[in-house]
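Asker: Got a structure for you, written out below as structure tokens; questions coming shortly.
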Amino acid sequence: MRQQGGTTFAELLNALRVGELKATHFALLLSKVLTEASGDFDLDRAIRIYPTCAKVDAHNTAVLEQYRAQGVRIFRIRAQDVLVNATRNADNVNIDNIVSGDINKTGGLQKELEIFNGAKVMLRSNINIEKGLVNGAMGTITEIVWPLFRRDQMYDTDIPSVRIDFGRDGIHLIKPKSIQFPALRNYGTIERTQLPLILWQLSYSNP
């Protein structure tokens, strides 16, 4: 598509690739800057890509606060962490101190996950490849199914299942998943049980 002064977006990308951006290229980029996101680019609708985890977290926090302001009930789901195959005496050790805070080192399972009916989520694990329930699949939570007739998480073991609408891949019940990974400081192996989800689909490359 040809834009200002005959400059095409393809030409802009090529100039960016070889490091030869000109004033016309910058003008084209600046003409596309959104000062107020609305419609398909609203805070909770558009897919955003950030370079750091901190910016991802900041955006998700902003979206959650927006829903809280609307009176939406948001549930904070805590993972259940258990030390298995201990290689050291851990009787007096707080398990939180020997579990990595990096989601990429905990099998993709978060320590805490905030969810609500209507939340957009992304799978962090392969559940059923034939049904399209793979790592990266996106959907919307339509129901939170609590165990033992709970209405909230009273104990770490009270992790709910969620029913998610994956669009053309259908509506599926996603249950908590258990994954094992190494504990910090050679304490053995941690088994974490949590919903294999993250909020929204936000990519990053650096911590």
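In the structure tokens, the first chain shown is A, the next is B, and so on; residue numbers restart at 1 for each chain, and ligands run from 1 in the order shown.
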Near A:Tyr155, within 12 Å and counting only C-alpha atoms, which residues show up once chain neighbours fewer than 2 positions away are dropped, as a ChimeraX atom specification?

Answerer: /A:76-81,146-148,150-153,157-160

Asker: Take the residues from that selection and put them in a file with C-alpha atoms, as a compact mmCIF listing (two decimals), in the first residue's frame.

Answerer:
```txt
# COMPACT_ATOMS: atom_id res chain seq x y z
CA ARG A 76 -6.57 -14.93 42.42
CA ILE A 77 -5.57 -18.58 41.99
CA ARG A 78 -2.51 -19.71 43.95
CA ALA A 79 -0.49 -22.67 42.73
CA GLN A 80 0.10 -25.67 44.96
CA ASP A 81 3.85 -26.24 45.33
CA TRP A 146 -14.74 -24.88 41.62
CA PRO A 147 -14.06 -28.19 43.40
CA LEU A 148 -16.13 -29.30 46.40
CA ARG A 150 -16.30 -23.84 46.65
CA ARG A 151 -16.93 -20.28 45.53
CA ASP A 152 -13.33 -19.17 45.95
CA GLN A 153 -9.93 -20.67 46.72
CA THR A 157 -5.54 -27.46 46.81
CA ASP A 158 -8.76 -25.66 45.80
CA ILE A 159 -7.68 -24.97 42.23
CA PRO A 160 -10.65 -24.69 39.87
```

Asker: Using DSSP secondary structure from the backbone, list all strand (DSSP E or B) positions within chain A, as an MDAnalysis selection string.

Answerer: chainID A and resid 2 8 49 52 75:78 80:84 112:115 120:123 128 133 138:145 161:165 171:174 177:182 189:194 197:199 203 206

Asker: For the selection just defined, write its residues with C-alpha atoms to a file, as a PDB file, in the first residue's frame.

Answerer:
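Saved result, selection.pdb, follows:
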```
ATOM      1  CA  ARG A   2       1.371   3.385  -1.012  1.00  0.00           C
ATOM      2  CA  THR A   8       5.109   2.223   0.624  1.00  0.00           C
ATOM      3  CA  ILE A  49       3.825  -7.290  22.047  1.00  0.00           C
ATOM      4  CA  THR A  52      10.150  -7.203  28.669  1.00  0.00           C
ATOM      5  CA  PHE A  75     -10.230 -14.548  41.428  1.00  0.00           C
ATOM      6  CA  ARG A  76      -6.574 -14.926  42.420  1.00  0.00           C
ATOM      7  CA  ILE A  77      -5.567 -18.575  41.988  1.00  0.00           C
ATOM      8  CA  ARG A  78      -2.510 -19.709  43.953  1.00  0.00           C
ATOM      9  CA  GLN A  80       0.096 -25.667  44.958  1.00  0.00           C
ATOM     10  CA  ASP A  81       3.848 -26.243  45.330  1.00  0.00           C
ATOM     11  CA  VAL A  82       5.166 -29.433  46.930  1.00  0.00           C
ATOM     12  CA  LEU A  83       8.785 -30.489  47.422  1.00  0.00           C
ATOM     13  CA  VAL A  84       9.228 -34.041  46.139  1.00  0.00           C
ATOM     14  CA  GLU A 112      -0.459 -16.817  41.010  1.00  0.00           C
ATOM     15  CA  LEU A 113      -3.017 -16.377  38.257  1.00  0.00           C
ATOM     16  CA  GLU A 114      -5.878 -13.879  38.238  1.00  0.00           C
ATOM     17  CA  ILE A 115      -8.925 -14.967  36.240  1.00  0.00           C
ATOM     18  CA  LYS A 120      -8.871 -13.708  27.505  1.00  0.00           C
ATOM     19  CA  VAL A 121      -6.275 -16.382  28.173  1.00  0.00           C
ATOM     20  CA  MET A 122      -3.595 -18.375  26.416  1.00  0.00           C
ATOM     21  CA  LEU A 123      -2.595 -21.979  27.029  1.00  0.00           C
ATOM     22  CA  ASN A 128      -4.796 -32.137  23.369  1.00  0.00           C
ATOM     23  CA  LEU A 133      -5.492 -27.339  22.592  1.00  0.00           C
ATOM     24  CA  MET A 138      -6.130 -18.475  22.820  1.00  0.00           C
ATOM     25  CA  GLY A 139      -9.650 -18.351  24.143  1.00  0.00           C
ATOM     26  CA  THR A 140     -12.092 -16.723  26.543  1.00  0.00           C
ATOM     27  CA  ILE A 141     -13.116 -18.081  29.940  1.00  0.00           C
ATOM     28  CA  THR A 142     -16.855 -18.765  30.014  1.00  0.00           C
ATOM     29  CA  GLU A 143     -17.113 -20.571  33.357  1.00  0.00           C
ATOM     30  CA  ILE A 144     -15.032 -21.198  36.481  1.00  0.00           C
ATOM     31  CA  VAL A 145     -15.717 -24.647  37.938  1.00  0.00           C
ATOM     32  CA  SER A 161     -11.068 -25.927  36.327  1.00  0.00           C
ATOM     33  CA  VAL A 162     -12.180 -23.437  33.683  1.00  0.00           C
ATOM     34  CA  ARG A 163     -14.359 -23.744  30.626  1.00  0.00           C
ATOM     35  CA  ILE A 164     -12.802 -21.864  27.710  1.00  0.00           C
ATOM     36  CA  ASP A 165     -14.227 -20.905  24.338  1.00  0.00           C
ATOM     37  CA  ILE A 171     -15.440 -24.962  24.109  1.00  0.00           C
ATOM     38  CA  HIS A 172     -13.308 -27.150  26.372  1.00  0.00           C
ATOM     39  CA  LEU A 173     -12.831 -27.748  30.088  1.00  0.00           C
ATOM     40  CA  ILE A 174      -9.242 -27.043  31.107  1.00  0.00           C
ATOM     41  CA  LYS A 177      -1.980 -29.482  35.554  1.00  0.00           C
ATOM     42  CA  SER A 178       0.960 -30.745  37.609  1.00  0.00           C
ATOM     43  CA  ILE A 179       4.514 -30.231  36.388  1.00  0.00           C
ATOM     44  CA  GLN A 180       7.806 -31.076  38.082  1.00  0.00           C
ATOM     45  CA  PHE A 181      10.948 -28.946  37.858  1.00  0.00           C
ATOM     46  CA  PRO A 182      14.231 -28.533  39.812  1.00  0.00           C
ATOM     47  CA  THR A 189      12.281 -31.399  42.790  1.00  0.00           C
ATOM     48  CA  ILE A 190       9.233 -29.159  43.034  1.00  0.00           C
ATOM     49  CA  GLU A 191       5.833 -30.301  41.820  1.00  0.00           C
ATOM     50  CA  ARG A 192       3.552 -27.369  40.967  1.00  0.00           C
ATOM     51  CA  THR A 193      -0.159 -27.726  40.285  1.00  0.00           C
ATOM     52  CA  GLN A 194      -1.860 -24.797  38.569  1.00  0.00           C
ATOM     53  CA  LEU A 197      -2.828 -20.458  31.499  1.00  0.00           C
ATOM     54  CA  ILE A 198      -1.637 -16.892  31.279  1.00  0.00           C
ATOM     55  CA  LEU A 199      -3.727 -13.775  30.776  1.00  0.00           C
ATOM     56  CA  SER A 203       4.989 -11.809  23.772  1.00  0.00           C
ATOM     57  CA  ASN A 206      13.851 -10.365  27.683  1.00  0.00           C
TER      58      ASN A 206
END
```

Asker: Interatomic distance between atom CA of A:Asn94 and atom CA of A:Gly108?

Answerer: 21.5 Å

Asker: Restricting the calculation to only C-alpha atoms: of A:Tyr187, A:Ala54, A:Leu13, A:Arg124, which residue gets closest to A:Asp91?

Answerer: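 Ranking A:Tyr187, A:Ala54, A:Leu13, A:Arg124 by distance to A:Asp91, first place goes to A:Tyr187.
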
Asker: Which residues, written as a ChimeraX atom specification, have at least one atom at most 10 Å from A:Ile74, with only C-alpha atoms counted and residues fewer than 5 positions away on the same chain left out?

Answerer: /A:64-65,67-68,114-117,119

Asker: Could those selected residues go to a file with N, CA and C atoms, as a PDB file, in the first residue's frame?

Answerer:
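This is the output file selection.pdb:
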```pdb
ATOM      1  N   LEU A  64      -6.599  -5.615  34.330  1.00  0.00           N
ATOM      2  CA  LEU A  64      -7.318  -6.130  35.491  1.00  0.00           C
ATOM      3  C   LEU A  64      -7.969  -5.002  36.286  1.00  0.00           C
ATOM      4  N   GLU A  65      -7.241  -3.905  36.447  1.00  0.00           N
ATOM      5  CA  GLU A  65      -7.793  -2.766  37.185  1.00  0.00           C
ATOM      6  C   GLU A  65      -8.998  -2.179  36.457  1.00  0.00           C
ATOM      7  N   TYR A  67     -11.160  -3.853  34.690  1.00  0.00           N
ATOM      8  CA  TYR A  67     -12.298  -4.726  34.964  1.00  0.00           C
ATOM      9  C   TYR A  67     -12.771  -4.594  36.410  1.00  0.00           C
ATOM     10  N   ARG A  68     -11.826  -4.439  37.348  1.00  0.00           N
ATOM     11  CA  ARG A  68     -12.222  -4.248  38.751  1.00  0.00           C
ATOM     12  C   ARG A  68     -13.082  -2.997  38.897  1.00  0.00           C
ATOM     13  N   GLU A 114      -4.608 -14.561  38.014  1.00  0.00           N
ATOM     14  CA  GLU A 114      -5.878 -13.879  38.238  1.00  0.00           C
ATOM     15  C   GLU A 114      -6.797 -14.119  37.037  1.00  0.00           C
ATOM     16  N   ILE A 115      -7.992 -14.621  37.310  1.00  0.00           N
ATOM     17  CA  ILE A 115      -8.925 -14.967  36.240  1.00  0.00           C
ATOM     18  C   ILE A 115     -10.326 -14.470  36.576  1.00  0.00           C
ATOM     19  N   PHE A 116     -11.172 -14.408  35.555  1.00  0.00           N
ATOM     20  CA  PHE A 116     -12.569 -14.037  35.740  1.00  0.00           C
ATOM     21  C   PHE A 116     -13.344 -14.484  34.510  1.00  0.00           C
ATOM     22  N   ASN A 117     -14.633 -14.573  34.630  1.00  0.00           N
ATOM     23  CA  ASN A 117     -15.461 -14.924  33.479  1.00  0.00           C
ATOM     24  C   ASN A 117     -15.356 -13.823  32.433  1.00  0.00           C
ATOM     25  N   ALA A 119     -12.403 -13.409  30.768  1.00  0.00           N
ATOM     26  CA  ALA A 119     -10.974 -13.121  30.601  1.00  0.00           C
ATOM     27  C   ALA A 119     -10.419 -13.820  29.364  1.00  0.00           C
TER      28      ALA A 119
END
```

Asker: Compare A:Ala90, A:Asp156, A:Arg168, A:Gly132 by their minimum atom-to-atom distance to A:Ala183, counting only C-alpha atoms, and give me the closest one.

Answerer: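 Going through A:Ala90, A:Asp156, A:Arg168, A:Gly132 one by one, the smallest distance to A:Ala183 is for A:Ala90.
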
Asker: For A:Lys22, list every protein, DNA or RNA residue within 12 Å, evaluated using only C-alpha atoms, and leave out those in the same chain fewer than 6 positions away; present the list as a list in words.

Answerer: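 Contacts, with the query itself left out: Thr7, Glu11, Leu12, Leu13, Asn14, Ala15, Leu16, Leu28 and Leu29 of chain A.
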